[in-house]
Amino acid sequence: MRAITVQDRDAGVSGLTLTELPHPHAAENDVIVRVHAAGFTPGELAWPGTWTDRAGRDRTPSVPGHELSGVVTELGYGTTGLTVGQRVFGLTDWTRNGSLAEYTAVEARNLAPLPADVDHTTAAALPISGLTAWQALFDHARLTTGQCVLIHGAAGGVGSIAVQLAREAGARVIATGRTGDRDTALEAGADAFVDLQAERLEDIGDVDVVFDVIGGEILDRSSALVRPGGTLVTIAQPVTVQPVNGRALFFVVEPDRARLADLARRLRDGRLKPVVGSVRPLAEAAAAFAPAKRTPGKTIIRVTED
């Protein structure tokens, strides 16, 4: 099968190559998925799990990408809840070969059924972005109706989903981003937009929740905006500054089949719309990791035609 692989940790994006790999093996509780569309996180080439397995052993050449939508072609021993021929979407394990391949082995519990009227490209943009946004806002920050939430990077894959979920929950949403992100953030449902290139972050005032996907000085400066009892939650880096009389935490998204199914229902009902950026074929995956031009939304790799 064809797959994008990495073998040289120091090579960065230039080390991504399109190669031939053996067909994956379905271990116990696994399924084999024929991948139709895949998503990736640009920074994952720096993640330890891209290069080593759970025991810390080198596992290169490895296949990056951790979001997928496709069709089950094989069941491993003991696998339940899914059937051959079923459309599915979800996450691959952080320390196993990922989704930038024609076939991949995935733990069945990391996948949810995909409704027939949801296309694979849209579905592949949802797993990490949708689960991250939900877990940040509701599991960790406990956002409720009537509160005010500040969402950094609101035009990106995660941020745009967070804006939609927070708005539906009845929160007031202040979005941030670059100058060209304003329309995308407002169309997603933000009540206000702050241009981080031209406006002062400190002028926003107090908020109940800050959800950060940027890190660095934006993360540090945001802690002062959290009112007493509020929460700052980030996926960018461990926090070093705590809000006064508030909480701050860093987390990594976790698979959740039930929540994936809920997100798929919201997508079908028109209550949720992932912002899909560019869509590129598998052969162009390396260029997609380092695009010449930044575009809002999630970049998707089309692996197999629907």
# chains A, B, ... in the order shown; residues from 1 in each chain; ligands from 1
$ select_by_dssp --residues "stretch 112-220 of chain A" --states "alpha helix (DSSP H)" --output "MDAnalysis selection string"
chainID A and resid 120:124 127:134 157:168 182:188 216:220
$ residues_around --residues "A:Arg271" --least-positions-apart "6" --cutoff "10 Å" --atoms "only C-alpha atoms" --output "ChimeraX atom specification"
/A:164-165,168,263-265
$ write_last_selection --atoms "C-alpha atoms" --output "PDB file, in the first residue's frame"
ATOM      1  CA  GLN A 164     -19.575  26.927  17.381  1.00  0.00           C
ATOM      2  CA  LEU A 165     -19.881  24.701  20.456  1.00  0.00           C
ATOM      3  CA  GLU A 168     -24.612  26.757  20.983  1.00  0.00           C
ATOM      4  CA  LEU A 263     -20.373  15.351  17.125  1.00  0.00           C
ATOM      5  CA  ALA A 264     -21.409  13.432  13.993  1.00  0.00           C
ATOM      6  CA  ARG A 265     -25.068  13.954  14.881  1.00  0.00           C
TER       7      ARG A 265
END
$ residues_around --residues "A:Leu150" --least-positions-apart "5" --cutoff "10 Å" --atoms "only C-alpha atoms" --output "NGL selection string"
:A and (163 or 166 or 172-176 or 190 or 192-194 or 204 or 206-212 or 222 or 225-226 or 232)
$ write_last_selection --atoms "N, CA and C atoms" --output "PDB file, in the first residue's frame"
ATOM      1  N   VAL A 163     -15.674  27.756  18.813  1.00  0.00           N
ATOM      2  CA  VAL A 163     -16.593  28.889  18.702  1.00  0.00           C
ATOM      3  C   VAL A 163     -18.024  28.395  18.530  1.00  0.00           C
ATOM      4  N   ALA A 166     -19.340  26.657  21.809  1.00  0.00           N
ATOM      5  CA  ALA A 166     -19.570  27.615  22.884  1.00  0.00           C
ATOM      6  C   ALA A 166     -20.805  28.462  22.608  1.00  0.00           C
ATOM      7  N   ARG A 172     -21.144  33.777  25.689  1.00  0.00           N
ATOM      8  CA  ARG A 172     -20.693  34.885  24.851  1.00  0.00           C
ATOM      9  C   ARG A 172     -19.276  34.566  24.398  1.00  0.00           C
ATOM     10  N   VAL A 173     -19.018  34.687  23.106  1.00  0.00           N
ATOM     11  CA  VAL A 173     -17.751  34.233  22.525  1.00  0.00           C
ATOM     12  C   VAL A 173     -16.960  35.410  21.976  1.00  0.00           C
ATOM     13  N   ILE A 174     -15.747  35.587  22.504  1.00  0.00           N
ATOM     14  CA  ILE A 174     -14.799  36.540  21.946  1.00  0.00           C
ATOM     15  C   ILE A 174     -13.701  35.740  21.258  1.00  0.00           C
ATOM     16  N   ALA A 175     -13.511  35.984  19.974  1.00  0.00           N
ATOM     17  CA  ALA A 175     -12.533  35.230  19.191  1.00  0.00           C
ATOM     18  C   ALA A 175     -11.314  36.094  18.911  1.00  0.00           C
ATOM     19  N   THR A 176     -10.159  35.452  18.779  1.00  0.00           N
ATOM     20  CA  THR A 176      -8.960  36.172  18.378  1.00  0.00           C
ATOM     21  C   THR A 176      -8.312  35.474  17.191  1.00  0.00           C
ATOM     22  N   ALA A 190     -18.848  33.808  16.500  1.00  0.00           N
ATOM     23  CA  ALA A 190     -18.265  34.662  17.531  1.00  0.00           C
ATOM     24  C   ALA A 190     -19.048  35.967  17.657  1.00  0.00           C
ATOM     25  N   ALA A 192     -17.645  38.704  19.031  1.00  0.00           N
ATOM     26  CA  ALA A 192     -16.672  39.770  18.809  1.00  0.00           C
ATOM     27  C   ALA A 192     -15.353  39.150  18.372  1.00  0.00           C
ATOM     28  N   PHE A 193     -14.533  39.931  17.684  1.00  0.00           N
ATOM     29  CA  PHE A 193     -13.236  39.454  17.204  1.00  0.00           C
ATOM     30  C   PHE A 193     -12.158  40.455  17.575  1.00  0.00           C
ATOM     31  N   VAL A 194     -11.040  39.963  18.077  1.00  0.00           N
ATOM     32  CA  VAL A 194      -9.894  40.792  18.421  1.00  0.00           C
ATOM     33  C   VAL A 194      -8.724  40.408  17.515  1.00  0.00           C
ATOM     34  N   ILE A 204      -9.671  43.493  26.285  1.00  0.00           N
ATOM     35  CA  ILE A 204     -10.845  42.622  26.251  1.00  0.00           C
ATOM     36  C   ILE A 204     -11.615  42.676  27.558  1.00  0.00           C
ATOM     37  N   ASP A 206     -12.303  41.125  31.648  1.00  0.00           N
ATOM     38  CA  ASP A 206     -12.364  39.824  32.304  1.00  0.00           C
ATOM     39  C   ASP A 206     -13.276  38.852  31.559  1.00  0.00           C
ATOM     40  N   VAL A 207     -12.874  37.582  31.571  1.00  0.00           N
ATOM     41  CA  VAL A 207     -13.686  36.514  30.982  1.00  0.00           C
ATOM     42  C   VAL A 207     -13.716  35.339  31.951  1.00  0.00           C
ATOM     43  N   ASP A 208     -14.692  34.467  31.764  1.00  0.00           N
ATOM     44  CA  ASP A 208     -14.800  33.285  32.624  1.00  0.00           C
ATOM     45  C   ASP A 208     -13.848  32.178  32.190  1.00  0.00           C
ATOM     46  N   VAL A 209     -13.663  32.051  30.871  1.00  0.00           N
ATOM     47  CA  VAL A 209     -12.843  30.966  30.331  1.00  0.00           C
ATOM     48  C   VAL A 209     -11.969  31.506  29.217  1.00  0.00           C
ATOM     49  N   VAL A 210     -10.709  31.088  29.199  1.00  0.00           N
ATOM     50  CA  VAL A 210      -9.822  31.301  28.058  1.00  0.00           C
ATOM     51  C   VAL A 210      -9.451  29.929  27.506  1.00  0.00           C
ATOM     52  N   PHE A 211      -9.666  29.747  26.200  1.00  0.00           N
ATOM     53  CA  PHE A 211      -9.216  28.528  25.530  1.00  0.00           C
ATOM     54  C   PHE A 211      -8.123  28.921  24.543  1.00  0.00           C
ATOM     55  N   ASP A 212      -6.912  28.419  24.786  1.00  0.00           N
ATOM     56  CA  ASP A 212      -5.738  28.828  24.018  1.00  0.00           C
ATOM     57  C   ASP A 212      -5.200  27.674  23.182  1.00  0.00           C
ATOM     58  N   SER A 222      -2.793  36.004  28.712  1.00  0.00           N
ATOM     59  CA  SER A 222      -4.213  35.700  28.871  1.00  0.00           C
ATOM     60  C   SER A 222      -4.591  35.375  30.304  1.00  0.00           C
ATOM     61  N   LEU A 225      -6.569  37.865  32.247  1.00  0.00           N
ATOM     62  CA  LEU A 225      -7.935  38.148  31.820  1.00  0.00           C
ATOM     63  C   LEU A 225      -8.961  37.249  32.502  1.00  0.00           C
ATOM     64  N   VAL A 226      -8.499  36.203  33.183  1.00  0.00           N
ATOM     65  CA  VAL A 226      -9.409  35.240  33.806  1.00  0.00           C
ATOM     66  C   VAL A 226      -9.908  35.793  35.135  1.00  0.00           C
ATOM     67  N   LEU A 232      -8.297  28.956  32.648  1.00  0.00           N
ATOM     68  CA  LEU A 232      -7.514  29.052  31.420  1.00  0.00           C
ATOM     69  C   LEU A 232      -7.106  27.636  31.037  1.00  0.00           C
TER      70      LEU A 232
END
$ closest_residue --among "A:Arg302, A:Thr234, A:Gly216, A:Asp119" --to "A:Leu267" --atoms "only C-alpha atoms"
A:Asp119
$ select_by_dssp --residues "stretch 104-157 of chain A" --states "strand (DSSP E or B)" --output "number ranges by chain"
A: 104-107, 111-113, 148-151
$ residues_around --residues "stretch 284-294 of chain A" --least-positions-apart "3" --cutoff "9 Å" --atoms "only C-alpha atoms" --output "PDB file with C-alpha atoms, in the first residue's frame"
ATOM      1  CA  ILE A   4       3.587   8.831   3.775  1.00  0.00           C
ATOM      2  CA  VAL A  13       9.067  18.145   6.781  1.00  0.00           C
ATOM      3  CA  SER A  14      11.655  17.371   4.086  1.00  0.00           C
ATOM      4  CA  GLY A  15      11.852  13.843   5.506  1.00  0.00           C
ATOM      5  CA  LEU A  16       8.246  13.050   4.557  1.00  0.00           C
ATOM      6  CA  THR A  17       8.207  10.627   1.643  1.00  0.00           C
ATOM      7  CA  LEU A  18       5.592   8.672  -0.297  1.00  0.00           C
ATOM      8  CA  PHE A  40      -2.830  15.727  10.538  1.00  0.00           C
ATOM      9  CA  THR A  41      -1.343  18.205  13.017  1.00  0.00           C
ATOM     10  CA  PRO A  42       1.619  20.180  11.613  1.00  0.00           C
ATOM     11  CA  GLY A  43       3.574  19.913  14.873  1.00  0.00           C
ATOM     12  CA  LEU A 100      -1.612   9.107   5.949  1.00  0.00           C
ATOM     13  CA  SER A 278      -7.262  22.983   1.443  1.00  0.00           C
ATOM     14  CA  VAL A 279      -7.835  19.394   0.274  1.00  0.00           C
ATOM     15  CA  ARG A 280      -4.794  17.711  -1.253  1.00  0.00           C
ATOM     16  CA  PRO A 281      -3.937  14.222  -2.542  1.00  0.00           C
ATOM     17  CA  THR A 299      -6.086  20.811   5.778  1.00  0.00           C
ATOM     18  CA  ILE A 300      -7.342  17.401   4.659  1.00  0.00           C
ATOM     19  CA  ILE A 301      -5.513  14.736   2.664  1.00  0.00           C
TER      20      ILE A 301
END
$ closest_residue --among "A:Ala261, A:Val71, A:Val31, A:Ala123" --to "A:Thr92" --atoms "only C-alpha atoms"
A:Val31
$ closest_residue --among "A:Arg57, A:Pro127, A:Phe250, A:Gly65" --to "A:Ala141" --atoms "only C-alpha atoms"
A:Phe250
$ closest_residue --among "A:Ala11, A:Ala258, A:Val239, A:Val253" --to "A:Asp139" --atoms "only C-alpha atoms"
A:Val253
$ closest_residue --among "A:His120, A:Arg109, A:Ala133, A:Val213" --to "A:His152" --atoms "only C-alpha atoms"
A:Val213
$ closest_residue --among "A:Ala185, A:Val241, A:Ile32, A:Val158" --to "A:Leu111" --atoms "only C-alpha atoms"
A:Ile32
$ residues_around --residues "A:Gly277" --least-positions-apart "4" --cutoff "10 Å" --atoms "only C-alpha atoms" --output "PyMOL selection string"
chain A and resi 125+156-157+294-300
$ decode --residues "stretch 82-172 of chain A" --atoms "C-alpha atoms" --output "JSON list (two decimals), in the first residue's frame"
[["chain", "number", "residue", "atom", "x", "y", "z"],
["A", 82, "LEU", "CA", -18.07, -2.45, 14.21],
["A", 83, "THR", "CA", -18.54, -4.52, 11.03],
["A", 84, "VAL", "CA", -16.73, -5.01, 7.74],
["A", 85, "GLY", "CA", -17.97, -2.49, 5.18],
["A", 86, "GLN", "CA", -19.00, 0.06, 7.81],
["A", 87, "ARG", "CA", -18.17, 3.73, 7.34],
["A", 88, "VAL", "CA", -16.23, 5.08, 10.34],
["A", 89, "PHE", "CA", -14.22, 8.07, 11.49],
["A", 90, "GLY", "CA", -11.99, 8.79, 14.47],
["A", 91, "LEU", "CA", -8.45, 8.81, 15.83],
["A", 92, "THR", "CA", -5.43, 6.57, 15.46],
["A", 93, "ASP", "CA", -3.14, 5.85, 18.40],
["A", 94, "TRP", "CA", -0.37, 8.39, 19.05],
["A", 95, "THR", "CA", 2.36, 5.71, 19.07],
["A", 96, "ARG", "CA", 1.25, 3.60, 16.09],
["A", 97, "ASN", "CA", 1.22, 4.17, 12.37],
["A", 98, "GLY", "CA", -1.33, 6.82, 11.50],
["A", 99, "SER", "CA", -3.78, 7.88, 8.83],
["A", 100, "LEU", "CA", -1.61, 9.11, 5.95],
["A", 101, "ALA", "CA", -1.79, 5.69, 4.31],
["A", 102, "GLU", "CA", -4.23, 3.76, 2.16],
["A", 103, "TYR", "CA", -4.89, 1.35, 5.05],
["A", 104, "THR", "CA", -4.27, 1.61, 8.78],
["A", 105, "ALA", "CA", -4.89, -0.47, 11.92],
["A", 106, "VAL", "CA", -6.93, 1.30, 14.60],
["A", 107, "GLU", "CA", -8.32, 0.27, 17.97],
["A", 108, "ALA", "CA", -12.06, -0.12, 17.44],
["A", 109, "ARG", "CA", -12.85, 1.95, 20.54],
["A", 110, "ASN", "CA", -11.20, 4.99, 18.89],
["A", 111, "LEU", "CA", -13.71, 4.98, 16.02],
["A", 112, "ALA", "CA", -17.38, 5.89, 15.68],
["A", 113, "PRO", "CA", -19.87, 5.04, 12.91],
["A", 114, "LEU", "CA", -20.09, 7.67, 10.18],
["A", 115, "PRO", "CA", -23.57, 8.48, 8.84],
["A", 116, "ALA", "CA", -24.03, 7.75, 5.14],
["A", 117, "ASP", "CA", -24.85, 11.38, 4.32],
["A", 118, "VAL", "CA", -21.61, 12.79, 5.78],
["A", 119, "ASP", "CA", -18.73, 12.89, 3.31],
["A", 120, "HIS", "CA", -15.32, 11.55, 4.29],
["A", 121, "THR", "CA", -13.51, 14.86, 3.76],
["A", 122, "THR", "CA", -15.71, 16.69, 6.25],
["A", 123, "ALA", "CA", -15.58, 13.81, 8.73],
["A", 124, "ALA", "CA", -11.77, 13.71, 8.71],
["A", 125, "ALA", "CA", -11.70, 17.34, 9.84],
["A", 126, "LEU", "CA", -13.72, 16.59, 12.96],
["A", 127, "PRO", "CA", -12.05, 14.04, 15.33],
["A", 128, "ILE", "CA", -9.16, 15.96, 16.92],
["A", 129, "SER", "CA", -10.71, 19.40, 16.45],
["A", 130, "GLY", "CA", -14.12, 18.36, 17.73],
["A", 131, "LEU", "CA", -12.93, 16.30, 20.69],
["A", 132, "THR", "CA", -10.31, 18.88, 21.69],
["A", 133, "ALA", "CA", -12.80, 21.74, 21.61],
["A", 134, "TRP", "CA", -15.42, 19.80, 23.57],
["A", 135, "GLN", "CA", -13.01, 18.52, 26.22],
["A", 136, "ALA", "CA", -11.44, 21.97, 26.66],
["A", 137, "LEU", "CA", -14.69, 23.90, 27.02],
["A", 138, "PHE", "CA", -16.90, 21.47, 28.89],
["A", 139, "ASP", "CA", -14.83, 18.71, 30.50],
["A", 140, "HIS", "CA", -12.00, 20.94, 31.73],
["A", 141, "ALA", "CA", -13.30, 24.53, 31.83],
["A", 142, "ARG", "CA", -16.91, 23.57, 32.65],
["A", 143, "LEU", "CA", -18.29, 26.36, 30.46],
["A", 144, "THR", "CA", -21.97, 27.12, 31.09],
["A", 145, "THR", "CA", -24.74, 29.27, 29.64],
["A", 146, "GLY", "CA", -24.24, 32.98, 30.18],
["A", 147, "GLN", "CA", -20.49, 32.85, 30.71],
["A", 148, "CYS", "CA", -17.95, 34.64, 28.54],
["A", 149, "VAL", "CA", -15.22, 32.64, 26.77],
["A", 150, "LEU", "CA", -12.15, 33.93, 24.95],
["A", 151, "ILE", "CA", -11.01, 31.59, 22.15],
["A", 152, "HIS", "CA", -7.57, 32.12, 20.64],
["A", 153, "GLY", "CA", -6.92, 30.93, 17.09],
["A", 154, "ALA", "CA", -10.63, 30.96, 16.33],
["A", 155, "ALA", "CA", -10.27, 30.53, 12.56],
["A", 156, "GLY", "CA", -8.30, 27.29, 12.85],
["A", 157, "GLY", "CA", -9.58, 23.74, 12.88],
["A", 158, "VAL", "CA", -9.89, 23.52, 16.68],
["A", 159, "GLY", "CA", -10.80, 27.14, 17.32],
["A", 160, "SER", "CA", -13.63, 27.30, 14.78],
["A", 161, "ILE", "CA", -15.27, 24.21, 16.30],
["A", 162, "ALA", "CA", -14.85, 25.68, 19.79],
["A", 163, "VAL", "CA", -16.59, 28.89, 18.70],
["A", 164, "GLN", "CA", -19.58, 26.93, 17.38],
["A", 165, "LEU", "CA", -19.88, 24.70, 20.46],
["A", 166, "ALA", "CA", -19.57, 27.62, 22.88],
["A", 167, "ARG", "CA", -22.15, 29.66, 21.00],
["A", 168, "GLU", "CA", -24.61, 26.76, 20.98],
["A", 169, "ALA", "CA", -24.09, 26.36, 24.74],
["A", 170, "GLY", "CA", -25.27, 29.94, 25.25],
["A", 171, "ALA", "CA", -21.92, 31.52, 26.07],
["A", 172, "ARG", "CA", -20.69, 34.88, 24.85]]
